[in-house]
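Chemist: Below is the file target_0.txt, with compact mmCIF, N, CA and C atoms.
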# COMPACT_ATOMS: atom_id res chain seq x y z
N GLU A 1 5.68 -9.10 -32.50
CA GLU A 1 5.73 -7.69 -32.83
C GLU A 1 5.27 -6.82 -31.67
N TYR A 2 4.38 -7.31 -30.83
CA TYR A 2 3.84 -6.50 -29.74
C TYR A 2 4.92 -6.08 -28.75
N MET A 3 6.06 -6.74 -28.74
CA MET A 3 7.10 -6.40 -27.78
C MET A 3 8.11 -5.43 -28.37
N GLY A 4 7.87 -4.95 -29.55
CA GLY A 4 8.80 -4.01 -30.16
C GLY A 4 10.13 -4.70 -30.43
N GLU A 5 11.19 -4.12 -29.90
CA GLU A 5 12.51 -4.67 -30.16
C GLU A 5 12.88 -5.81 -29.21
N HIS A 6 12.01 -6.14 -28.25
CA HIS A 6 12.30 -7.19 -27.28
C HIS A 6 11.68 -8.51 -27.72
N SER A 7 12.38 -9.59 -27.45
CA SER A 7 11.84 -10.92 -27.69
C SER A 7 12.35 -11.84 -26.59
N MET A 8 11.83 -13.05 -26.53
CA MET A 8 12.29 -13.99 -25.51
C MET A 8 13.80 -14.22 -25.61
N ALA A 9 14.32 -14.31 -26.82
CA ALA A 9 15.75 -14.59 -27.01
C ALA A 9 16.62 -13.42 -26.58
N THR A 10 16.10 -12.21 -26.68
CA THR A 10 16.91 -11.04 -26.35
C THR A 10 16.36 -10.31 -25.14
N PHE A 11 15.62 -11.01 -24.29
CA PHE A 11 15.02 -10.36 -23.12
C PHE A 11 16.10 -9.73 -22.27
N ASP A 12 15.92 -8.47 -21.95
CA ASP A 12 16.92 -7.71 -21.22
C ASP A 12 16.62 -7.78 -19.72
N ALA A 13 17.63 -8.10 -18.94
CA ALA A 13 17.46 -8.22 -17.50
C ALA A 13 16.98 -6.92 -16.86
N GLU A 14 17.24 -5.78 -17.48
CA GLU A 14 16.79 -4.51 -16.91
C GLU A 14 15.28 -4.37 -16.94
N LEU A 15 14.60 -5.18 -17.71
CA LEU A 15 13.14 -5.14 -17.76
C LEU A 15 12.51 -5.97 -16.65
N GLU A 16 13.30 -6.77 -15.95
CA GLU A 16 12.75 -7.61 -14.89
C GLU A 16 12.29 -6.76 -13.71
N LEU A 17 11.28 -7.25 -13.03
CA LEU A 17 10.80 -6.59 -11.82
C LEU A 17 11.87 -6.68 -10.74
N PRO A 18 11.91 -5.74 -9.84
CA PRO A 18 12.87 -5.85 -8.72
C PRO A 18 12.60 -7.15 -7.95
N LYS A 19 13.66 -7.86 -7.63
CA LYS A 19 13.52 -9.16 -6.97
C LYS A 19 12.79 -9.06 -5.64
N SER A 20 13.00 -7.97 -4.90
CA SER A 20 12.33 -7.83 -3.61
C SER A 20 10.82 -7.72 -3.78
N ASN A 21 10.37 -7.00 -4.82
CA ASN A 21 8.93 -6.89 -5.09
C ASN A 21 8.35 -8.24 -5.45
N LEU A 22 9.03 -8.95 -6.34
CA LEU A 22 8.57 -10.27 -6.76
C LEU A 22 8.50 -11.21 -5.55
N GLN A 23 9.52 -11.20 -4.73
CA GLN A 23 9.56 -12.06 -3.55
C GLN A 23 8.38 -11.78 -2.63
N ARG A 24 8.07 -10.49 -2.44
CA ARG A 24 6.95 -10.10 -1.57
C ARG A 24 5.62 -10.62 -2.13
N VAL A 25 5.43 -10.49 -3.44
CA VAL A 25 4.20 -10.95 -4.08
C VAL A 25 4.09 -12.47 -3.97
N LEU A 26 5.18 -13.16 -4.25
CA LEU A 26 5.16 -14.62 -4.19
C LEU A 26 4.88 -15.10 -2.77
N LYS A 27 5.53 -14.49 -1.80
CA LYS A 27 5.34 -14.89 -0.40
C LYS A 27 3.88 -14.70 0.03
N ALA A 28 3.27 -13.60 -0.40
CA ALA A 28 1.87 -13.34 -0.04
C ALA A 28 0.90 -14.26 -0.77
N SER A 29 1.33 -14.82 -1.91
CA SER A 29 0.45 -15.62 -2.74
C SER A 29 0.46 -17.11 -2.42
N LEU A 30 1.47 -17.55 -1.71
CA LEU A 30 1.65 -18.98 -1.49
C LEU A 30 1.47 -19.36 -0.02
N PRO A 31 1.07 -20.60 0.22
CA PRO A 31 1.01 -21.08 1.60
C PRO A 31 2.42 -21.07 2.21
N PRO A 32 2.51 -20.96 3.54
CA PRO A 32 3.82 -20.83 4.18
C PRO A 32 4.77 -22.02 3.93
N ASN A 33 4.24 -23.19 3.69
CA ASN A 33 5.10 -24.37 3.53
C ASN A 33 5.55 -24.59 2.08
N VAL A 34 5.24 -23.68 1.19
CA VAL A 34 5.62 -23.83 -0.22
C VAL A 34 6.78 -22.90 -0.54
N GLN A 35 7.80 -23.47 -1.20
CA GLN A 35 8.94 -22.68 -1.63
C GLN A 35 9.05 -22.75 -3.14
N ILE A 36 9.71 -21.76 -3.74
CA ILE A 36 9.86 -21.72 -5.19
C ILE A 36 11.35 -21.74 -5.52
N ALA A 37 11.71 -22.61 -6.44
CA ALA A 37 13.11 -22.72 -6.86
C ALA A 37 13.55 -21.44 -7.55
N LYS A 38 14.85 -21.18 -7.52
CA LYS A 38 15.41 -19.95 -8.10
C LYS A 38 15.07 -19.83 -9.58
N ASP A 39 15.17 -20.93 -10.34
CA ASP A 39 14.87 -20.85 -11.77
C ASP A 39 13.39 -20.57 -12.02
N ALA A 40 12.53 -21.04 -11.12
CA ALA A 40 11.09 -20.77 -11.24
C ALA A 40 10.83 -19.29 -10.96
N LYS A 41 11.52 -18.71 -9.96
CA LYS A 41 11.38 -17.27 -9.68
C LYS A 41 11.81 -16.44 -10.88
N THR A 42 12.90 -16.87 -11.51
CA THR A 42 13.38 -16.16 -12.69
C THR A 42 12.35 -16.24 -13.81
N ALA A 43 11.78 -17.42 -14.01
CA ALA A 43 10.77 -17.59 -15.06
C ALA A 43 9.54 -16.72 -14.78
N ILE A 44 9.12 -16.68 -13.52
CA ILE A 44 7.97 -15.85 -13.15
C ILE A 44 8.29 -14.38 -13.37
N SER A 45 9.47 -13.97 -13.00
CA SER A 45 9.88 -12.58 -13.18
C SER A 45 9.88 -12.18 -14.65
N VAL A 46 10.44 -13.04 -15.49
CA VAL A 46 10.46 -12.75 -16.93
C VAL A 46 9.04 -12.71 -17.48
N ALA A 47 8.20 -13.65 -17.04
CA ALA A 47 6.81 -13.68 -17.51
C ALA A 47 6.07 -12.41 -17.10
N CYS A 48 6.28 -11.95 -15.87
CA CYS A 48 5.63 -10.71 -15.41
C CYS A 48 6.08 -9.52 -16.24
N SER A 49 7.38 -9.45 -16.49
CA SER A 49 7.91 -8.35 -17.28
C SER A 49 7.38 -8.37 -18.71
N LEU A 50 7.34 -9.56 -19.30
CA LEU A 50 6.82 -9.69 -20.66
C LEU A 50 5.34 -9.30 -20.72
N PHE A 51 4.60 -9.69 -19.69
CA PHE A 51 3.19 -9.31 -19.63
C PHE A 51 3.07 -7.79 -19.58
N CYS A 52 3.89 -7.14 -18.77
CA CYS A 52 3.86 -5.67 -18.67
C CYS A 52 4.18 -5.03 -20.01
N VAL A 53 5.17 -5.57 -20.72
CA VAL A 53 5.53 -5.03 -22.02
C VAL A 53 4.39 -5.22 -23.01
N TYR A 54 3.79 -6.41 -23.01
CA TYR A 54 2.67 -6.71 -23.90
C TYR A 54 1.47 -5.81 -23.59
N HIS A 55 1.17 -5.67 -22.30
CA HIS A 55 0.04 -4.85 -21.86
C HIS A 55 0.24 -3.39 -22.29
N THR A 56 1.42 -2.87 -22.03
CA THR A 56 1.71 -1.48 -22.38
C THR A 56 1.70 -1.28 -23.89
N SER A 57 2.24 -2.25 -24.61
CA SER A 57 2.25 -2.16 -26.07
C SER A 57 0.84 -2.16 -26.64
N THR A 58 -0.02 -3.00 -26.07
CA THR A 58 -1.41 -3.06 -26.51
C THR A 58 -2.11 -1.73 -26.22
N ALA A 59 -1.87 -1.17 -25.05
CA ALA A 59 -2.46 0.13 -24.70
C ALA A 59 -1.93 1.22 -25.63
N THR A 60 -0.66 1.13 -25.99
CA THR A 60 -0.06 2.11 -26.90
C THR A 60 -0.74 2.05 -28.26
N GLU A 61 -1.01 0.83 -28.73
CA GLU A 61 -1.71 0.67 -30.01
C GLU A 61 -3.11 1.27 -29.95
N ILE A 62 -3.79 1.08 -28.84
CA ILE A 62 -5.13 1.65 -28.66
C ILE A 62 -5.04 3.17 -28.72
N CYS A 63 -4.05 3.74 -28.04
CA CYS A 63 -3.87 5.20 -28.07
C CYS A 63 -3.56 5.69 -29.48
N ALA A 64 -2.73 4.95 -30.19
CA ALA A 64 -2.37 5.35 -31.56
C ALA A 64 -3.61 5.36 -32.45
N LYS A 65 -4.46 4.35 -32.30
CA LYS A 65 -5.70 4.31 -33.08
C LYS A 65 -6.59 5.52 -32.79
N ASN A 66 -6.57 5.95 -31.53
CA ASN A 66 -7.40 7.08 -31.11
C ASN A 66 -6.66 8.41 -31.18
N LYS A 67 -5.47 8.39 -31.77
CA LYS A 67 -4.65 9.60 -31.94
C LYS A 67 -4.38 10.30 -30.61
N LYS A 68 -4.06 9.49 -29.59
CA LYS A 68 -3.72 10.02 -28.27
C LYS A 68 -2.24 9.76 -28.01
N SER A 69 -1.62 10.64 -27.24
CA SER A 69 -0.20 10.46 -26.93
C SER A 69 0.05 10.08 -25.47
N ILE A 70 -0.99 10.11 -24.65
CA ILE A 70 -0.86 9.76 -23.24
C ILE A 70 -1.74 8.55 -22.95
N ILE A 71 -1.15 7.51 -22.36
CA ILE A 71 -1.90 6.30 -21.99
C ILE A 71 -2.58 6.57 -20.65
N SER A 72 -3.89 6.39 -20.62
CA SER A 72 -4.66 6.59 -19.39
C SER A 72 -4.96 5.23 -18.74
N GLY A 73 -5.49 5.30 -17.54
CA GLY A 73 -5.92 4.08 -16.85
C GLY A 73 -6.98 3.34 -17.66
N ASN A 74 -7.87 4.09 -18.29
CA ASN A 74 -8.91 3.47 -19.11
C ASN A 74 -8.31 2.77 -20.32
N ASP A 75 -7.23 3.34 -20.89
CA ASP A 75 -6.56 2.68 -22.01
C ASP A 75 -5.97 1.34 -21.56
N MET A 76 -5.43 1.31 -20.35
CA MET A 76 -4.86 0.07 -19.82
C MET A 76 -5.97 -0.97 -19.61
N LEU A 77 -7.13 -0.50 -19.14
CA LEU A 77 -8.26 -1.41 -18.96
C LEU A 77 -8.75 -1.94 -20.30
N ASP A 78 -8.84 -1.06 -21.30
CA ASP A 78 -9.24 -1.49 -22.64
C ASP A 78 -8.24 -2.49 -23.22
N ALA A 79 -6.97 -2.29 -22.93
CA ALA A 79 -5.94 -3.22 -23.40
C ALA A 79 -6.14 -4.60 -22.78
N LEU A 80 -6.50 -4.63 -21.49
CA LEU A 80 -6.76 -5.92 -20.85
C LEU A 80 -7.90 -6.66 -21.55
N LYS A 81 -8.94 -5.91 -21.90
CA LYS A 81 -10.07 -6.52 -22.62
C LYS A 81 -9.60 -7.08 -23.96
N GLU A 82 -8.82 -6.28 -24.68
CA GLU A 82 -8.33 -6.71 -25.99
C GLU A 82 -7.43 -7.94 -25.88
N MET A 83 -6.71 -8.05 -24.77
CA MET A 83 -5.80 -9.17 -24.56
C MET A 83 -6.52 -10.42 -24.07
N GLY A 84 -7.81 -10.30 -23.74
CA GLY A 84 -8.57 -11.45 -23.28
C GLY A 84 -8.61 -11.60 -21.77
N PHE A 85 -8.34 -10.52 -21.05
CA PHE A 85 -8.35 -10.57 -19.59
C PHE A 85 -9.50 -9.75 -19.02
N GLU A 86 -10.67 -9.92 -19.60
CA GLU A 86 -11.85 -9.15 -19.18
C GLU A 86 -12.17 -9.32 -17.70
N GLN A 87 -11.89 -10.50 -17.16
CA GLN A 87 -12.24 -10.78 -15.76
C GLN A 87 -11.50 -9.89 -14.77
N PHE A 88 -10.43 -9.23 -15.20
CA PHE A 88 -9.69 -8.36 -14.31
C PHE A 88 -10.13 -6.90 -14.39
N VAL A 89 -10.92 -6.57 -15.39
CA VAL A 89 -11.28 -5.17 -15.62
C VAL A 89 -12.12 -4.62 -14.45
N GLU A 90 -13.14 -5.33 -14.02
CA GLU A 90 -13.99 -4.82 -12.94
C GLU A 90 -13.23 -4.64 -11.63
N PRO A 91 -12.47 -5.65 -11.16
CA PRO A 91 -11.74 -5.42 -9.91
C PRO A 91 -10.69 -4.32 -10.02
N LEU A 92 -10.04 -4.19 -11.17
CA LEU A 92 -9.07 -3.13 -11.35
C LEU A 92 -9.74 -1.76 -11.41
N THR A 93 -10.91 -1.69 -12.03
CA THR A 93 -11.67 -0.44 -12.07
C THR A 93 -12.01 0.00 -10.65
N GLU A 94 -12.46 -0.94 -9.83
CA GLU A 94 -12.78 -0.63 -8.44
C GLU A 94 -11.54 -0.17 -7.68
N PHE A 95 -10.41 -0.85 -7.93
CA PHE A 95 -9.16 -0.46 -7.28
C PHE A 95 -8.75 0.95 -7.68
N ILE A 96 -8.82 1.25 -8.98
CA ILE A 96 -8.43 2.58 -9.48
C ILE A 96 -9.30 3.67 -8.84
N GLU A 97 -10.61 3.41 -8.75
CA GLU A 97 -11.51 4.38 -8.13
C GLU A 97 -11.15 4.61 -6.67
N ALA A 98 -10.92 3.53 -5.94
CA ALA A 98 -10.55 3.65 -4.53
C ALA A 98 -9.22 4.39 -4.38
N HIS A 99 -8.28 4.11 -5.27
CA HIS A 99 -6.98 4.77 -5.24
C HIS A 99 -7.13 6.26 -5.51
N ARG A 100 -7.94 6.62 -6.49
CA ARG A 100 -8.17 8.03 -6.80
C ARG A 100 -8.81 8.76 -5.63
N LYS A 101 -9.78 8.11 -4.98
CA LYS A 101 -10.44 8.73 -3.83
C LYS A 101 -9.45 8.92 -2.69
N GLU A 102 -8.59 7.95 -2.45
CA GLU A 102 -7.59 8.05 -1.40
C GLU A 102 -6.61 9.19 -1.69
N LYS A 103 -6.20 9.33 -2.94
CA LYS A 103 -5.30 10.42 -3.32
C LYS A 103 -5.98 11.77 -3.13
N GLU A 104 -7.26 11.85 -3.45
CA GLU A 104 -8.02 13.09 -3.24
C GLU A 104 -8.08 13.44 -1.76
N LYS A 105 -8.32 12.43 -0.90
CA LYS A 105 -8.37 12.66 0.54
C LYS A 105 -7.03 13.21 1.03
N GLU A 106 -5.93 12.58 0.56
CA GLU A 106 -4.59 13.02 0.96
C GLU A 106 -4.36 14.46 0.51
N LYS A 107 -4.75 14.77 -0.72
CA LYS A 107 -4.57 16.11 -1.26
C LYS A 107 -5.38 17.12 -0.44
N ASP A 108 -6.63 16.78 -0.13
CA ASP A 108 -7.48 17.67 0.66
C ASP A 108 -6.91 17.86 2.07
N SER A 109 -6.40 16.79 2.65
CA SER A 109 -5.82 16.85 3.99
C SER A 109 -4.61 17.77 4.01
N LYS A 110 -3.74 17.64 3.02
CA LYS A 110 -2.56 18.51 2.93
C LYS A 110 -2.98 19.96 2.73
N LYS A 111 -4.00 20.18 1.90
CA LYS A 111 -4.48 21.53 1.63
C LYS A 111 -5.05 22.16 2.91
N ARG A 112 -5.81 21.36 3.68
CA ARG A 112 -6.38 21.87 4.93
C ARG A 112 -5.28 22.24 5.92
N LYS A 113 -4.24 21.41 6.01
CA LYS A 113 -3.14 21.71 6.93
C LYS A 113 -2.46 23.01 6.53
N THR A 114 -2.26 23.23 5.24
CA THR A 114 -1.63 24.46 4.75
C THR A 114 -2.54 25.65 5.01
N ASP A 115 -3.84 25.49 4.75
CA ASP A 115 -4.80 26.57 4.96
C ASP A 115 -4.93 26.93 6.44
N ASP A 116 -4.77 25.93 7.32
CA ASP A 116 -4.87 26.16 8.76
C ASP A 116 -3.58 26.71 9.35
N GLY A 117 -2.55 26.86 8.51
CA GLY A 117 -1.29 27.39 9.00
C GLY A 117 -0.40 26.34 9.63
N GLU A 118 -0.74 25.07 9.50
CA GLU A 118 0.09 24.01 10.05
C GLU A 118 1.17 23.66 9.04
N GLY A 119 2.36 23.46 9.50
CA GLY A 119 3.45 23.01 8.64
C GLY A 119 3.83 24.06 7.63
N GLY A 120 4.93 23.84 6.95
CA GLY A 120 5.34 24.71 5.85
C GLY A 120 5.76 26.09 6.31
N LYS A 121 5.95 26.98 5.37
CA LYS A 121 6.45 28.33 5.63
C LYS A 121 5.41 29.22 6.27
N SER A 122 4.12 28.98 5.98
CA SER A 122 3.09 29.88 6.49
C SER A 122 3.09 29.90 8.02
N HIS A 123 3.35 28.77 8.66
CA HIS A 123 3.39 28.69 10.11
C HIS A 123 4.58 29.46 10.65
N LYS A 124 5.74 29.30 10.03
CA LYS A 124 6.94 30.01 10.46
C LYS A 124 6.75 31.51 10.30
N LYS A 125 6.15 31.92 9.20
CA LYS A 125 5.93 33.34 8.95
C LYS A 125 5.05 33.95 10.04
N GLN A 126 3.98 33.23 10.44
CA GLN A 126 3.10 33.72 11.48
C GLN A 126 3.86 33.85 12.80
N THR A 127 4.70 32.88 13.11
CA THR A 127 5.47 32.90 14.34
C THR A 127 6.41 34.10 14.36
N VAL A 128 7.10 34.36 13.25
CA VAL A 128 8.02 35.48 13.15
C VAL A 128 7.27 36.79 13.33
N GLU A 129 6.11 36.91 12.69
CA GLU A 129 5.33 38.15 12.79
C GLU A 129 4.92 38.40 14.24
N HIS A 130 4.48 37.33 14.94
CA HIS A 130 4.03 37.49 16.32
C HIS A 130 5.19 37.88 17.23
N SER A 131 6.35 37.29 17.04
CA SER A 131 7.49 37.61 17.90
C SER A 131 7.97 39.03 17.61
N HIS A 132 7.84 39.49 16.37
CA HIS A 132 8.23 40.86 16.03
C HIS A 132 7.30 41.86 16.72
N ASP A 133 6.00 41.55 16.73
CA ASP A 133 5.03 42.42 17.37
C ASP A 133 5.32 42.53 18.87
N ALA A 134 5.70 41.44 19.49
CA ALA A 134 5.96 41.42 20.92
C ALA A 134 7.19 42.24 21.27
N ALA A 135 8.17 42.27 20.39
CA ALA A 135 9.40 43.00 20.63
C ALA A 135 9.20 44.51 20.51
N ALA A 136 8.21 44.94 19.75
CA ALA A 136 7.99 46.38 19.48
C ALA A 136 7.35 47.10 20.61
Represent the supplied structure as structure tokens.
Modeler:
Amino acid sequence: EYMGEHSMATFDAELELPKSNLQRVLKASLPPNVQIAKDAKTAISVACSLFCVYHTSTATEICAKNKKSIISGNDMLDALKEMGFEQFVEPLTEFIEAHRKEKEKEKDSKKRKTDDGEGGKSHKKQTVEHSHDAAA
């Protein structure tokens, strides 16, 4: 039931992860001398997709219990706990925090560039104004 209308027998290929992403993860996870057969890659891909569906479905149930309509990162972490994957909660929490801080830095950096007149329309506008003053 956790998969909604999807089941192993009716698993839709559109739910599979992009093959290039899967290949990159597998390559990074295995020693250089190990290869994976095509059917094993397919099985891993289906398993990853099913896990994502199960994880999202569990988070959706948590949100429904709490009368929420938007799944947050914390809901996904709570879903992992409910699914029995508590050991991943701490490292994922650390990753989410680092990711949020990095996004804030990027946002602040873009804001500073705009405020300093670098890039965008504000820089062009200043240039036009200065050239107009020189012509007068």
Chemist: Env of stretch 75-78 of chain A: 8 Å cut, atoms = all atoms listed in the file, seq-sep filter 6 positions within chain, self excluded. Answer as a ChimeraX atom specification.
Modeler: /A:55-56,58-60,62-63,84-86,88-90,92-93
Chemist: When DSSP works through the backbone of this structure, what residues of stretch 33-119 of chain A end up as helix (DSSP H, G or I), shown as a ChimeraX atom specification?
Modeler: /A:38-65,73-83,86-115
Chemist: Compile the contact shell of stretch 32-45 of chain A as a PyMOL selection string: residues with an atom at most 7 Å away, counting all atoms listed in the file, same-chain residues fewer than 6 positions apart removed.
Modeler: chain A and resi 16-17+22
Chemist: How many Å lie between atom CA of A:Ala79 and atom CA of A:Ser49, rounded to one decimal?
Modeler: 16.0 Å
Chemist: Rounded to one decimal place, report the atom CA of A:Asp108-atom N of A:Ser69 distance in Å.
Modeler: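 Distance between the two atoms: 29.4 Å.
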Chemist: In Å to one decimal, how far is atom N of A:Cys48 from atom CA of A:Lys101?
Modeler: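 Interatomic distance, atom CA of A:Lys101 to atom N of A:Cys48: 29.2 Å.
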Chemist: As lines of an AutoDock Vina configuration file, please report the centre and edge lengths, rounded to one decimal in Å, of the axis-aligned box that holds all listed atoms of stretch 75-86 of chain A with 3 Å of padding on each of the six sides.
Modeler:
center_x = -8.5
center_y = -4.1
center_z = -21.8
size_x = 13.3
size_y = 20.9
size_z = 14.3
